[in-house]
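Trainee: Pasting data-v4.tsv below, which is TSV, C-alpha atoms.
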chain	number	residue	atom	x	y	z
A	6	MET	CA	17.04	-3.26	-28.50
A	7	LEU	CA	14.21	-0.83	-29.09
A	8	PRO	CA	10.90	-2.21	-30.35
A	9	GLU	CA	9.49	-0.91	-33.60
A	10	PHE	CA	7.31	2.20	-33.34
A	11	GLU	CA	6.17	5.13	-35.45
A	12	LEU	CA	7.64	8.50	-34.46
A	13	LEU	CA	5.36	11.50	-34.94
A	14	MET	CA	6.77	15.05	-34.89
A	15	PRO	CA	4.08	17.67	-34.21
A	16	ARG	CA	4.97	21.33	-34.64
A	17	THR	CA	2.27	22.77	-32.37
A	18	LEU	CA	0.41	21.73	-29.24
A	19	PRO	CA	-2.96	21.35	-31.05
A	20	GLU	CA	-1.28	19.10	-33.60
A	21	ALA	CA	0.25	16.99	-30.81
A	22	LEU	CA	-3.13	16.64	-29.10
A	23	GLU	CA	-4.74	15.54	-32.36
A	24	MET	CA	-2.04	12.90	-32.79
A	25	LEU	CA	-2.49	11.60	-29.25
A	26	ALA	CA	-6.27	11.46	-29.66
A	27	GLY	CA	-6.00	9.69	-32.99
A	28	ARG	CA	-3.57	7.06	-31.72
A	29	ALA	CA	-4.98	6.48	-28.23
A	30	PRO	CA	-4.50	4.22	-26.39
A	31	ASP	CA	-1.49	3.03	-28.41
A	32	GLY	CA	0.37	6.35	-28.60
A	33	MET	CA	2.76	7.74	-26.00
A	34	PRO	CA	4.16	11.26	-25.61
A	35	ILE	CA	7.90	11.67	-25.30
A	36	ALA	CA	9.93	14.74	-24.39
A	37	GLY	CA	13.28	14.14	-22.68
A	38	GLY	CA	12.94	10.37	-23.00
A	39	THR	CA	15.17	9.66	-20.01
A	40	ASN	CA	12.61	7.20	-18.65
A	41	VAL	CA	10.72	6.25	-21.81
A	42	ILE	CA	13.72	5.04	-23.82
A	43	PRO	CA	15.15	2.74	-21.10
A	44	ASP	CA	11.63	1.39	-20.50
A	45	LEU	CA	11.21	0.66	-24.21
A	46	ARG	CA	14.54	-1.15	-24.27
A	47	GLY	CA	13.54	-3.14	-21.21
A	48	GLY	CA	10.23	-4.15	-22.73
A	49	ARG	CA	8.05	-2.41	-20.14
A	50	TYR	CA	6.17	-0.54	-22.87
A	51	ARG	CA	5.50	-1.35	-26.52
A	52	PRO	CA	3.60	1.65	-27.93
A	53	ALA	CA	2.63	1.68	-31.59
A	54	CYS	CA	3.85	5.27	-31.86
A	55	LEU	CA	5.64	8.00	-29.95
A	56	VAL	CA	4.53	11.61	-30.20
A	57	ASN	CA	7.57	13.85	-29.72
A	58	VAL	CA	6.49	16.96	-27.82
A	59	ALA	CA	10.02	18.18	-27.05
A	60	GLY	CA	10.52	21.78	-28.09
A	61	LEU	CA	6.86	22.69	-28.52
A	62	PRO	CA	6.74	26.42	-27.72
A	63	GLU	CA	3.45	26.11	-25.82
A	64	LEU	CA	5.12	23.80	-23.29
A	65	GLY	CA	8.13	25.98	-22.54
A	66	GLY	CA	8.88	28.59	-19.94
A	67	ILE	CA	8.33	29.30	-16.26
A	68	ARG	CA	6.11	32.24	-15.37
A	69	GLN	CA	4.14	33.87	-12.57
A	70	GLU	CA	0.43	34.02	-13.34
A	71	ASP	CA	-2.63	34.79	-11.18
A	72	GLY	CA	-0.92	33.92	-7.92
A	73	MET	CA	0.63	30.76	-9.33
A	74	LEU	CA	4.10	29.68	-10.40
A	75	VAL	CA	3.49	27.93	-13.72
A	76	ILE	CA	6.11	25.45	-14.97
A	77	GLY	CA	5.57	24.44	-18.59
A	78	GLY	CA	5.22	20.76	-19.42
A	79	GLY	CA	8.38	20.84	-21.51
A	80	VAL	CA	10.59	22.56	-18.91
A	81	THR	CA	13.69	20.54	-18.05
A	82	VAL	CA	15.06	19.90	-14.59
A	83	ALA	CA	18.16	21.91	-15.57
A	84	GLU	CA	15.97	24.91	-16.43
A	85	VAL	CA	14.35	24.72	-13.00
A	86	LEU	CA	17.80	24.94	-11.43
A	87	GLU	CA	18.57	28.20	-13.23
A	88	ASP	CA	15.21	29.96	-13.00
A	89	PRO	CA	14.95	33.05	-10.75
A	90	LEU	CA	11.20	32.63	-10.14
A	91	VAL	CA	11.75	29.09	-8.84
A	92	ALA	CA	14.62	30.35	-6.70
A	93	ARG	CA	12.32	33.00	-5.22
A	94	TYR	CA	9.12	31.04	-4.69
A	95	ALA	CA	10.08	27.34	-4.69
A	96	PRO	CA	13.72	26.88	-3.66
A	97	VAL	CA	12.82	23.43	-2.29
A	98	LEU	CA	12.18	22.36	-5.89
A	99	GLN	CA	15.70	23.46	-6.80
A	100	GLU	CA	17.08	21.44	-3.88
A	101	ALA	CA	15.43	18.34	-5.33
A	102	ALA	CA	16.46	19.15	-8.89
A	103	ARG	CA	20.08	19.43	-7.81
A	104	MET	CA	19.95	15.84	-6.51
A	105	LEU	CA	18.16	14.31	-9.50
A	106	ALA	CA	20.39	11.97	-11.50
A	107	SER	CA	23.32	13.59	-13.35
A	108	PRO	CA	23.82	16.87	-15.28
A	109	LEU	CA	23.37	15.01	-18.57
A	110	VAL	CA	20.02	13.62	-17.46
A	111	ARG	CA	18.89	16.94	-15.95
A	112	ASN	CA	19.52	18.64	-19.29
A	113	ARG	CA	17.03	16.28	-20.98
A	114	ALA	CA	14.56	15.18	-18.30
A	115	THR	CA	11.43	17.28	-17.84
A	116	VAL	CA	9.68	17.96	-14.55
A	117	ALA	CA	6.40	16.80	-16.11
A	118	GLY	CA	8.02	13.59	-17.32
A	119	ASN	CA	9.37	12.83	-13.86
A	120	LEU	CA	5.81	13.03	-12.55
A	121	ALA	CA	4.23	11.18	-15.48
A	122	ASN	CA	6.62	8.27	-15.02
A	123	ALA	CA	5.09	7.84	-11.56
A	124	SER	CA	8.05	6.18	-9.91
A	125	PRO	CA	7.57	5.91	-6.14
A	126	ALA	CA	11.03	7.46	-5.84
A	127	ALA	CA	10.49	10.41	-8.22
A	128	ASP	CA	12.59	13.28	-6.87
A	129	MET	CA	10.32	16.04	-8.18
A	130	ALA	CA	7.21	14.67	-6.48
A	131	PRO	CA	7.84	15.39	-2.75
A	132	PRO	CA	8.72	19.09	-3.13
A	133	LEU	CA	5.78	19.66	-5.47
A	134	LEU	CA	3.48	17.84	-3.05
A	135	VAL	CA	4.44	20.10	-0.14
A	136	LEU	CA	3.94	23.11	-2.43
A	137	ASP	CA	0.34	21.98	-3.11
A	138	ALA	CA	1.03	21.74	-6.84
A	139	GLU	CA	-1.57	20.77	-9.40
A	140	VAL	CA	-1.11	19.10	-12.77
A	141	GLU	CA	-2.60	20.69	-15.88
A	142	LEU	CA	-3.83	17.95	-18.20
A	143	THR	CA	-4.84	18.99	-21.72
A	144	SER	CA	-6.55	17.05	-24.46
A	145	ARG	CA	-8.32	17.89	-27.70
A	146	GLU	CA	-11.51	18.31	-25.63
A	147	GLY	CA	-10.09	20.79	-23.13
A	148	THR	CA	-8.07	21.18	-19.93
A	149	ARG	CA	-8.52	19.84	-16.42
A	150	TYR	CA	-6.54	20.46	-13.25
A	151	VAL	CA	-5.66	17.64	-10.86
A	152	PRO	CA	-4.06	18.22	-7.43
A	153	LEU	CA	-0.76	16.37	-7.42
A	154	LYS	CA	-1.83	14.49	-4.26
A	155	ASP	CA	-4.56	12.87	-6.41
A	156	PHE	CA	-2.45	12.36	-9.54
A	157	PHE	CA	-0.65	9.13	-8.62
A	158	LEU	CA	-2.63	5.88	-8.62
A	159	GLY	CA	0.12	3.29	-8.18
A	160	VAL	CA	3.56	2.29	-9.39
A	161	ARG	CA	3.88	3.91	-12.84
A	162	ARG	CA	0.14	4.65	-12.89
A	163	THR	CA	-1.49	8.09	-12.90
A	164	VAL	CA	-4.85	9.63	-13.71
A	165	ARG	CA	-3.52	10.92	-17.05
A	166	GLN	CA	-5.48	9.43	-19.94
A	167	PRO	CA	-3.69	8.28	-23.13
A	168	HIS	CA	-5.09	11.22	-25.13
A	169	GLU	CA	-3.96	13.79	-22.51
A	170	LEU	CA	-0.70	15.65	-22.12
A	171	ILE	CA	0.77	17.35	-19.06
A	172	THR	CA	0.94	20.93	-20.32
A	173	ALA	CA	1.98	22.56	-17.03
A	174	ILE	CA	2.57	22.13	-13.33
A	175	ARG	CA	0.97	24.93	-11.32
A	176	VAL	CA	2.17	25.92	-7.84
A	177	PRO	CA	0.36	28.42	-5.57
A	178	LEU	CA	2.78	31.09	-4.45
A	179	PRO	CA	3.62	30.23	-0.82
A	180	PRO	CA	3.41	32.81	1.98
A	181	ALA	CA	6.57	34.55	3.09
A	182	THR	CA	6.48	32.58	6.36
A	183	ALA	CA	6.74	29.20	4.59
A	184	ARG	CA	9.92	27.19	5.04
A	185	ALA	CA	10.54	24.00	3.07
A	186	ARG	CA	13.40	21.57	2.67
A	187	PHE	CA	14.07	18.45	0.58
A	188	PHE	CA	15.99	15.37	1.74
A	189	LYS	CA	17.26	12.28	-0.02
A	190	VAL	CA	19.17	9.17	0.97
A	191	ALA	CA	20.64	7.01	-1.80
A	192	LEU	CA	23.38	4.45	-2.23
A	193	ARG	CA	25.58	7.08	-3.88
A	194	LYS	CA	25.84	10.84	-3.48
A	195	ALA	CA	24.88	11.45	-7.12
A	196	ASP	CA	23.09	9.80	-10.04
A	197	ALA	CA	21.23	7.33	-7.83
A	198	ILE	CA	17.63	6.34	-7.18
A	199	ALA	CA	16.40	7.33	-3.74
A	200	VAL	CA	16.25	4.82	-0.90
A	201	VAL	CA	14.12	7.46	0.83
A	202	ASN	CA	13.35	10.98	-0.27
A	203	GLY	CA	10.95	13.60	0.96
A	204	ALA	CA	10.14	17.21	1.64
A	205	VAL	CA	8.85	19.08	4.67
A	206	ARG	CA	7.15	22.47	4.70
A	207	VAL	CA	5.97	24.51	7.68
A	208	ASP	CA	4.22	27.88	7.60
A	209	LEU	CA	5.09	29.59	10.86
A	210	GLY	CA	3.01	32.22	12.62
A	211	ASP	CA	3.51	34.39	15.68
A	212	GLY	CA	5.58	32.81	18.41
A	213	GLY	CA	6.79	30.08	16.11
A	214	VAL	CA	3.39	28.36	16.02
A	215	CYS	CA	2.95	26.12	12.99
A	216	GLN	CA	-0.04	27.41	11.03
A	217	ALA	CA	0.19	24.78	8.27
A	218	ALA	CA	2.39	21.78	7.59
A	219	ARG	CA	3.12	19.51	4.65
A	220	ILE	CA	5.21	16.33	4.81
A	221	ALA	CA	5.69	14.33	1.60
A	222	LEU	CA	7.64	11.09	1.29
A	223	GLY	CA	8.97	9.08	-1.62
A	224	ALA	CA	10.31	5.53	-2.09
A	225	VAL	CA	8.39	4.37	0.99
A	226	ALA	CA	5.05	3.40	-0.62
A	227	PRO	CA	3.71	2.46	-4.07
A	228	THR	CA	3.34	6.19	-4.78
A	229	PRO	CA	4.77	9.40	-3.34
A	230	ILE	CA	2.61	10.12	-0.30
A	231	ARG	CA	1.62	12.80	2.17
A	232	ALA	CA	1.92	12.05	5.89
A	233	TYR	CA	-1.36	13.61	6.94
A	234	GLU	CA	-1.36	12.51	10.59
A	235	ALA	CA	2.12	13.92	11.03
A	236	GLU	CA	1.01	17.20	9.49
A	237	ARG	CA	-1.96	17.45	11.85
A	238	ALA	CA	0.32	16.84	14.83
A	239	LEU	CA	2.25	19.99	13.93
A	240	GLU	CA	-0.53	22.38	12.97
A	241	GLY	CA	-1.56	24.77	15.72
A	242	HIS	CA	1.45	23.96	17.89
A	243	PRO	CA	4.88	25.49	18.42
A	244	LEU	CA	7.70	23.35	17.10
A	245	THR	CA	8.89	22.00	20.42
A	246	PRO	CA	11.16	18.95	20.62
A	247	ASP	CA	8.21	16.81	21.77
A	248	THR	CA	5.94	17.99	18.94
A	249	ILE	CA	8.68	17.41	16.38
A	250	ALA	CA	9.43	13.93	17.72
A	251	GLN	CA	5.77	12.97	17.58
A	252	ALA	CA	5.38	14.25	14.01
A	253	ALA	CA	8.52	12.43	12.87
A	254	HIS	CA	7.26	9.19	14.41
A	255	LEU	CA	3.87	9.60	12.70
A	256	ALA	CA	5.61	10.25	9.38
A	257	ALA	CA	7.46	6.95	9.72
A	258	GLU	CA	4.19	5.24	10.63
A	259	ALA	CA	2.63	6.55	7.39
A	260	THR	CA	5.10	4.61	5.24
A	261	ARG	CA	4.28	1.33	3.50
A	262	THR	CA	7.82	0.20	2.97
A	263	ILE	CA	9.24	-2.94	1.37
A	264	ASP	CA	12.58	-4.69	1.32
A	265	ASP	CA	14.48	-4.34	-1.95
A	266	LEU	CA	18.01	-4.08	-3.30
A	267	ARG	CA	18.42	-0.51	-2.07
A	268	GLY	CA	17.29	-1.00	1.51
A	269	SER	CA	15.13	-2.86	3.97
A	270	ALA	CA	11.68	-1.76	5.09
A	271	ALA	CA	12.93	-1.26	8.65
A	272	TYR	CA	15.81	0.92	7.44
A	273	ARG	CA	13.46	3.08	5.36
A	274	ARG	CA	11.13	3.64	8.31
A	275	HIS	CA	14.04	4.55	10.57
A	276	VAL	CA	15.57	6.93	8.04
A	277	THR	CA	12.20	8.59	7.44
A	278	GLU	CA	11.75	9.33	11.14
A	279	VAL	CA	15.31	10.62	11.58
A	280	LEU	CA	15.28	12.89	8.52
A	281	VAL	CA	11.83	14.36	9.13
A	282	ARG	CA	12.91	15.16	12.69
A	283	ARG	CA	16.15	16.77	11.51
A	284	VAL	CA	14.42	18.91	8.89
A	285	LEU	CA	11.80	20.10	11.39
A	286	GLU	CA	14.51	20.94	13.91
A	287	GLY	CA	16.31	22.90	11.22
A	288	SER	CA	13.18	24.91	10.43
A	289	MET	CA	13.37	26.50	13.89
A	290	GLU	CA	16.82	27.96	13.24
Translate the structure of the given file into structure tokens.
Mentor:
Amino acid sequence: MLPEFELLMPRTLPEALEMLAGRAPDGMPIAGGTNVIPDLRGGRYRPACLVNVAGLPELGGIRQEDGMLVIGGGVTVAEVLEDPLVARYAPVLQEAARMLASPLVRNRATVAGNLANASPAADMAPPLLVLDAEVELTSREGTRYVPLKDFFLGVRRTVRQPHELITAIRVPLPPATARARFFKVALRKADAIAVVNGAVRVDLGDGGVCQAARIALGAVAPTPIRAYEAERALEGHPLTPDTIAQAAHLAAEATRTIDDLRGSAAYRRHVTEVLVRRVLEGSME
């Protein structure tokens, strides 16, 4: 059963920000509600009010702006799947979106909400991490930009303050030489929480030398993480079998896994190493 709360229905972004500021810290924004509503039913949260930001025109749309791909805070996962700009500049994000939950959930869930929920297994986090995304946080006082790698603080904890709203996710347009892939292992092929998920990006130069690398992992630590040592093992080197094997091993070493109902810590480490290796091998093809 849902707890009692007041539902506020702003018509504009400034109105929504005023409502959040006036009700902080007891107010909570809601858009798709695919995480918020189950959490309310389960008793995880008991906010005094919900501020419904779904449908606010200022939060809609995906656009190219000043060398960035800008995804509005109200954009759904289903919209990401259909957008030509995402297909051109961030196909790895579409790979992840295709594996997130079910079509019904994708039609409601927002990309911003998937990040704000701060699940360690959030499917949108790894591809956005390898794309060097930043989160646009807006309040009545103004806007600040937080690199996604600094956004997550712990399980279901982020740097977003109660009076702030994620108004956009901003992604620098990657170079033409960038190659990125998403991977996910779950107990079912669809509509399942990840046992392990992640994304790998390499920017290749002349002779197949890796100029830059990004490896992001989910469901293997309290937050989605970057495997920095593994990235450094790739940068400046051609993607030889030995270099790939070393990077995959370092990625597994970066995990802080636990045993739970979906898998053991040892299994998660093993799967991480295998999948990172496979994705890096595939990037040479």
Trainee: Please determine, counting only C-alpha atoms, which residue among A:Pro125, A:Pro52, A:Pro246, A:Gly223 has the shortest atom-to-atom distance to Arg274 of chain A.
Mentor: A:Gly223
Trainee: Between atom CA of Ala232 of chain A and atom CA of Gly77 of chain A, what distance in Å does the model show, to one decimal?
Mentor: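 Going from atom CA of Ala232 of chain A over to atom CA of Gly77 of chain A covers 27.7 Å.
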Trainee: Step by step: start from the point (-2.4, 7.1, -10.0) in the file's coordinates, keep every protein, DNA or RNA residue that has an atom no farther than 12 Å from it, count all atoms listed in the file, and write the set as a list in words.
Mentor: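 Using all atoms listed in the file, the matching residues come out as Leu120, Ala121, Asn122, Ala123, Ser124, Pro125, Val151, Pro152, Leu153, Lys154, Asp155, Phe156, Phe157, Leu158, Gly159, Val160, Arg161, Arg162, Thr163, Val164, Arg165, Gln166, Pro227, Thr228, Pro229 and Ile230 of chain A.
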Trainee: May I have the residues within 9 Å of Val110 of chain A as a list in words, using all atoms listed in the file and disregarding those fewer than 6 positions away in the same chain?
Mentor: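 Answer for this query is Gly37, Thr39, Val82, Ala83 and Asp196 of chain A.
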Trainee: For Arg231 of chain A, list every protein, DNA or RNA residue within 8 Å, evaluated using all atoms listed in the file, and leave out those in the same chain fewer than 5 positions away; present the list as a JSON list (two decimals) with C-alpha atoms, in the coordinates of the input.
Mentor:
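Contents of out-v1.json, as written:
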[["chain", "number", "residue", "atom", "x", "y", "z"],
["A", 134, "LEU", "CA", 3.48, 17.84, -3.05],
["A", 154, "LYS", "CA", -1.83, 14.49, -4.26],
["A", 219, "ARG", "CA", 3.12, 19.51, 4.65],
["A", 220, "ILE", "CA", 5.21, 16.33, 4.81],
["A", 221, "ALA", "CA", 5.69, 14.33, 1.60],
["A", 222, "LEU", "CA", 7.64, 11.09, 1.29]]
Trainee: Env of segment 173-185 of chain A: 6 Å cut, atoms = only C-alpha atoms, seq-sep filter 6 positions within chain, self excluded. Answer as a ChimeraX atom specification.
Mentor: /A:72-78,97,138-141,205-209
Trainee: To one decimal place in Å, what is the distance between atom CA of Gly60 of chain A and atom CA of Glu23 of chain A?
Mentor: 17.0 Å
Trainee: As an exercise, work out the distance from atom CA of Pro30 of chain A to atom CA of Pro167 of chain A in Å and give it to one decimal place.
Mentor: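 Spanning atom CA of Pro30 of chain A to atom CA of Pro167 of chain A is a straight-line distance of 5.3 Å.
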Trainee: List the neighbours of Gly38 of chain A out to 10 Å using only C-alpha atoms; skip same-chain residues closer than 6 positions along the sequence, and give me the result as a PDB file with C-alpha atoms, keeping the file's coordinate frame.
Mentor:
ATOM      1  CA  ASP A  44      11.630   1.390 -20.500  1.00  0.00           C
ATOM      2  CA  LEU A  45      11.210   0.660 -24.210  1.00  0.00           C
ATOM      3  CA  ASN A  57       7.570  13.850 -29.720  1.00  0.00           C
ATOM      4  CA  ALA A  59      10.020  18.180 -27.050  1.00  0.00           C
ATOM      5  CA  VAL A 110      20.020  13.620 -17.460  1.00  0.00           C
ATOM      6  CA  ARG A 113      17.030  16.280 -20.980  1.00  0.00           C
ATOM      7  CA  ALA A 114      14.560  15.180 -18.300  1.00  0.00           C
ATOM      8  CA  THR A 115      11.430  17.280 -17.840  1.00  0.00           C
ATOM      9  CA  GLY A 118       8.020  13.590 -17.320  1.00  0.00           C
TER      10      GLY A 118
END
Trainee: At a cut-off of 10 Å, using only C-alpha atoms, what residues contact Gly287 of chain A? Leave out same-chain residues fewer than 5 positions from it and give the result as a VMD selection string.
Mentor: chain A and resid 184 186 281 to 282
Trainee: Can you spit out the residues from that selection as a PDB file, keeping the file's coordinate frame, using C-alpha atoms?
Mentor:
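Final file, again.pdb:
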ATOM      1  CA  ARG A 184       9.920  27.190   5.040  1.00  0.00           C
ATOM      2  CA  ARG A 186      13.400  21.570   2.670  1.00  0.00           C
ATOM      3  CA  VAL A 281      11.830  14.360   9.130  1.00  0.00           C
ATOM      4  CA  ARG A 282      12.910  15.160  12.690  1.00  0.00           C
TER       5      ARG A 282
END
Trainee: For a quick check of understanding, using only C-alpha atoms, which of A:Ala117, A:Val279, A:Glu63, A:Ala92 has the smallest distance to Ile35 of chain A?
Mentor: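 Using only C-alpha atoms, the shortest distance to Ile35 of chain A belongs to A:Ala117.
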Trainee: Adding 3 Å on each side of the box along x, y and z that holds all listed atoms of segment 124-136 of chain A, could you give its centre and edge lengths in Å to one decimal, as AutoDock Vina command-line options?
Mentor:
--center_x 8.0 --center_y 14.5 --center_z -5.0 --size_x 15.1 --size_y 23.2 --size_z 15.8
Trainee: All heavy atoms are what I want for segment 22-32 of chain A; can you complete it accordingly and write them as a PDB file, in the coordinates of the input?
Mentor:
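File written: rebuild-v7.pdb
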ATOM      1  N   LEU A  22      -1.921  17.168 -29.733  1.00  0.00           N
ATOM      2  CA  LEU A  22      -3.130  16.640 -29.100  1.00  0.00           C
ATOM      3  C   LEU A  22      -3.983  15.849 -30.091  1.00  0.00           C
ATOM      4  O   LEU A  22      -4.594  14.833 -29.723  1.00  0.00           O
ATOM      5  CB  LEU A  22      -3.942  17.778 -28.485  1.00  0.00           C
ATOM      6  CG  LEU A  22      -3.243  18.553 -27.347  1.00  0.00           C
ATOM      7  CD1 LEU A  22      -4.112  19.710 -26.884  1.00  0.00           C
ATOM      8  CD2 LEU A  22      -2.888  17.640 -26.186  1.00  0.00           C
ATOM      9  N   GLU A  23      -4.022  16.294 -31.327  1.00  0.00           N
ATOM     10  CA  GLU A  23      -4.740  15.540 -32.360  1.00  0.00           C
ATOM     11  C   GLU A  23      -4.077  14.176 -32.579  1.00  0.00           C
ATOM     12  O   GLU A  23      -4.768  13.159 -32.726  1.00  0.00           O
ATOM     13  CB  GLU A  23      -4.751  16.328 -33.681  1.00  0.00           C
ATOM     14  CG  GLU A  23      -5.728  17.477 -33.721  1.00  0.00           C
ATOM     15  CD  GLU A  23      -7.176  17.007 -33.743  1.00  0.00           C
ATOM     16  OE1 GLU A  23      -7.437  15.874 -34.192  1.00  0.00           O
ATOM     17  OE2 GLU A  23      -8.044  17.763 -33.294  1.00  0.00           O
ATOM     18  N   MET A  24      -2.759  14.158 -32.592  1.00  0.00           N
ATOM     19  CA  MET A  24      -2.040  12.900 -32.790  1.00  0.00           C
ATOM     20  C   MET A  24      -2.287  11.939 -31.639  1.00  0.00           C
ATOM     21  O   MET A  24      -2.523  10.740 -31.849  1.00  0.00           O
ATOM     22  CB  MET A  24      -0.543  13.171 -32.944  1.00  0.00           C
ATOM     23  CG  MET A  24      -0.171  13.871 -34.236  1.00  0.00           C
ATOM     24  SD  MET A  24       1.598  14.279 -34.265  1.00  0.00           S
ATOM     25  CE  MET A  24       1.757  14.972 -35.914  1.00  0.00           C
ATOM     26  N   LEU A  25      -2.255  12.457 -30.407  1.00  0.00           N
ATOM     27  CA  LEU A  25      -2.490  11.600 -29.250  1.00  0.00           C
ATOM     28  C   LEU A  25      -3.924  11.060 -29.261  1.00  0.00           C
ATOM     29  O   LEU A  25      -4.156   9.878 -28.961  1.00  0.00           O
ATOM     30  CB  LEU A  25      -2.233  12.369 -27.959  1.00  0.00           C
ATOM     31  CG  LEU A  25      -0.769  12.632 -27.602  1.00  0.00           C
ATOM     32  CD1 LEU A  25      -0.684  13.572 -26.407  1.00  0.00           C
ATOM     33  CD2 LEU A  25      -0.031  11.331 -27.303  1.00  0.00           C
ATOM     34  N   ALA A  26      -4.876  11.911 -29.612  1.00  0.00           N
ATOM     35  CA  ALA A  26      -6.270  11.460 -29.660  1.00  0.00           C
ATOM     36  C   ALA A  26      -6.472  10.415 -30.747  1.00  0.00           C
ATOM     37  O   ALA A  26      -7.181   9.425 -30.547  1.00  0.00           O
ATOM     38  CB  ALA A  26      -7.189  12.663 -29.902  1.00  0.00           C
ATOM     39  N   GLY A  27      -5.826  10.615 -31.887  1.00  0.00           N
ATOM     40  CA  GLY A  27      -6.000   9.690 -32.990  1.00  0.00           C
ATOM     41  C   GLY A  27      -5.329   8.357 -32.781  1.00  0.00           C
ATOM     42  O   GLY A  27      -5.756   7.338 -33.363  1.00  0.00           O
ATOM     43  N   ARG A  28      -4.302   8.312 -31.950  1.00  0.00           N
ATOM     44  CA  ARG A  28      -3.570   7.060 -31.720  1.00  0.00           C
ATOM     45  C   ARG A  28      -3.856   6.427 -30.367  1.00  0.00           C
ATOM     46  O   ARG A  28      -3.301   5.371 -30.072  1.00  0.00           O
ATOM     47  CB  ARG A  28      -2.058   7.327 -31.842  1.00  0.00           C
ATOM     48  CG  ARG A  28      -1.627   7.858 -33.205  1.00  0.00           C
ATOM     49  CD  ARG A  28      -2.070   6.946 -34.339  1.00  0.00           C
ATOM     50  NE  ARG A  28      -1.693   7.466 -35.628  1.00  0.00           N
ATOM     51  CZ  ARG A  28      -0.599   7.117 -36.293  1.00  0.00           C
ATOM     52  NH1 ARG A  28       0.221   6.229 -35.764  1.00  0.00           N
ATOM     53  NH2 ARG A  28      -0.334   7.653 -37.461  1.00  0.00           N
ATOM     54  N   ALA A  29      -4.684   7.065 -29.546  1.00  0.00           N
ATOM     55  CA  ALA A  29      -4.980   6.480 -28.230  1.00  0.00           C
ATOM     56  C   ALA A  29      -5.727   5.155 -28.389  1.00  0.00           C
ATOM     57  O   ALA A  29      -6.559   5.013 -29.276  1.00  0.00           O
ATOM     58  CB  ALA A  29      -5.840   7.464 -27.420  1.00  0.00           C
ATOM     59  N   PRO A  30      -5.417   4.171 -27.526  1.00  0.00           N
ATOM     60  CA  PRO A  30      -4.500   4.220 -26.390  1.00  0.00           C
ATOM     61  C   PRO A  30      -3.089   3.737 -26.722  1.00  0.00           C
ATOM     62  O   PRO A  30      -2.302   3.458 -25.817  1.00  0.00           O
ATOM     63  CB  PRO A  30      -5.152   3.265 -25.393  1.00  0.00           C
ATOM     64  CG  PRO A  30      -5.732   2.195 -26.280  1.00  0.00           C
ATOM     65  CD  PRO A  30      -6.189   2.890 -27.535  1.00  0.00           C
ATOM     66  N   ASP A  31      -2.766   3.635 -28.009  1.00  0.00           N
ATOM     67  CA  ASP A  31      -1.490   3.030 -28.410  1.00  0.00           C
ATOM     68  C   ASP A  31      -0.383   4.048 -28.666  1.00  0.00           C
ATOM     69  O   ASP A  31       0.713   3.668 -29.092  1.00  0.00           O
ATOM     70  CB  ASP A  31      -1.683   2.184 -29.672  1.00  0.00           C
ATOM     71  CG  ASP A  31      -2.644   1.023 -29.435  1.00  0.00           C
ATOM     72  OD1 ASP A  31      -2.558   0.419 -28.353  1.00  0.00           O
ATOM     73  OD2 ASP A  31      -3.468   0.747 -30.318  1.00  0.00           O
ATOM     74  N   GLY A  32      -0.658   5.334 -28.449  1.00  0.00           N
ATOM     75  CA  GLY A  32       0.370   6.350 -28.600  1.00  0.00           C
ATOM     76  C   GLY A  32       0.918   6.776 -27.252  1.00  0.00           C
ATOM     77  O   GLY A  32       0.256   6.627 -26.224  1.00  0.00           O
TER      78      GLY A  32
END
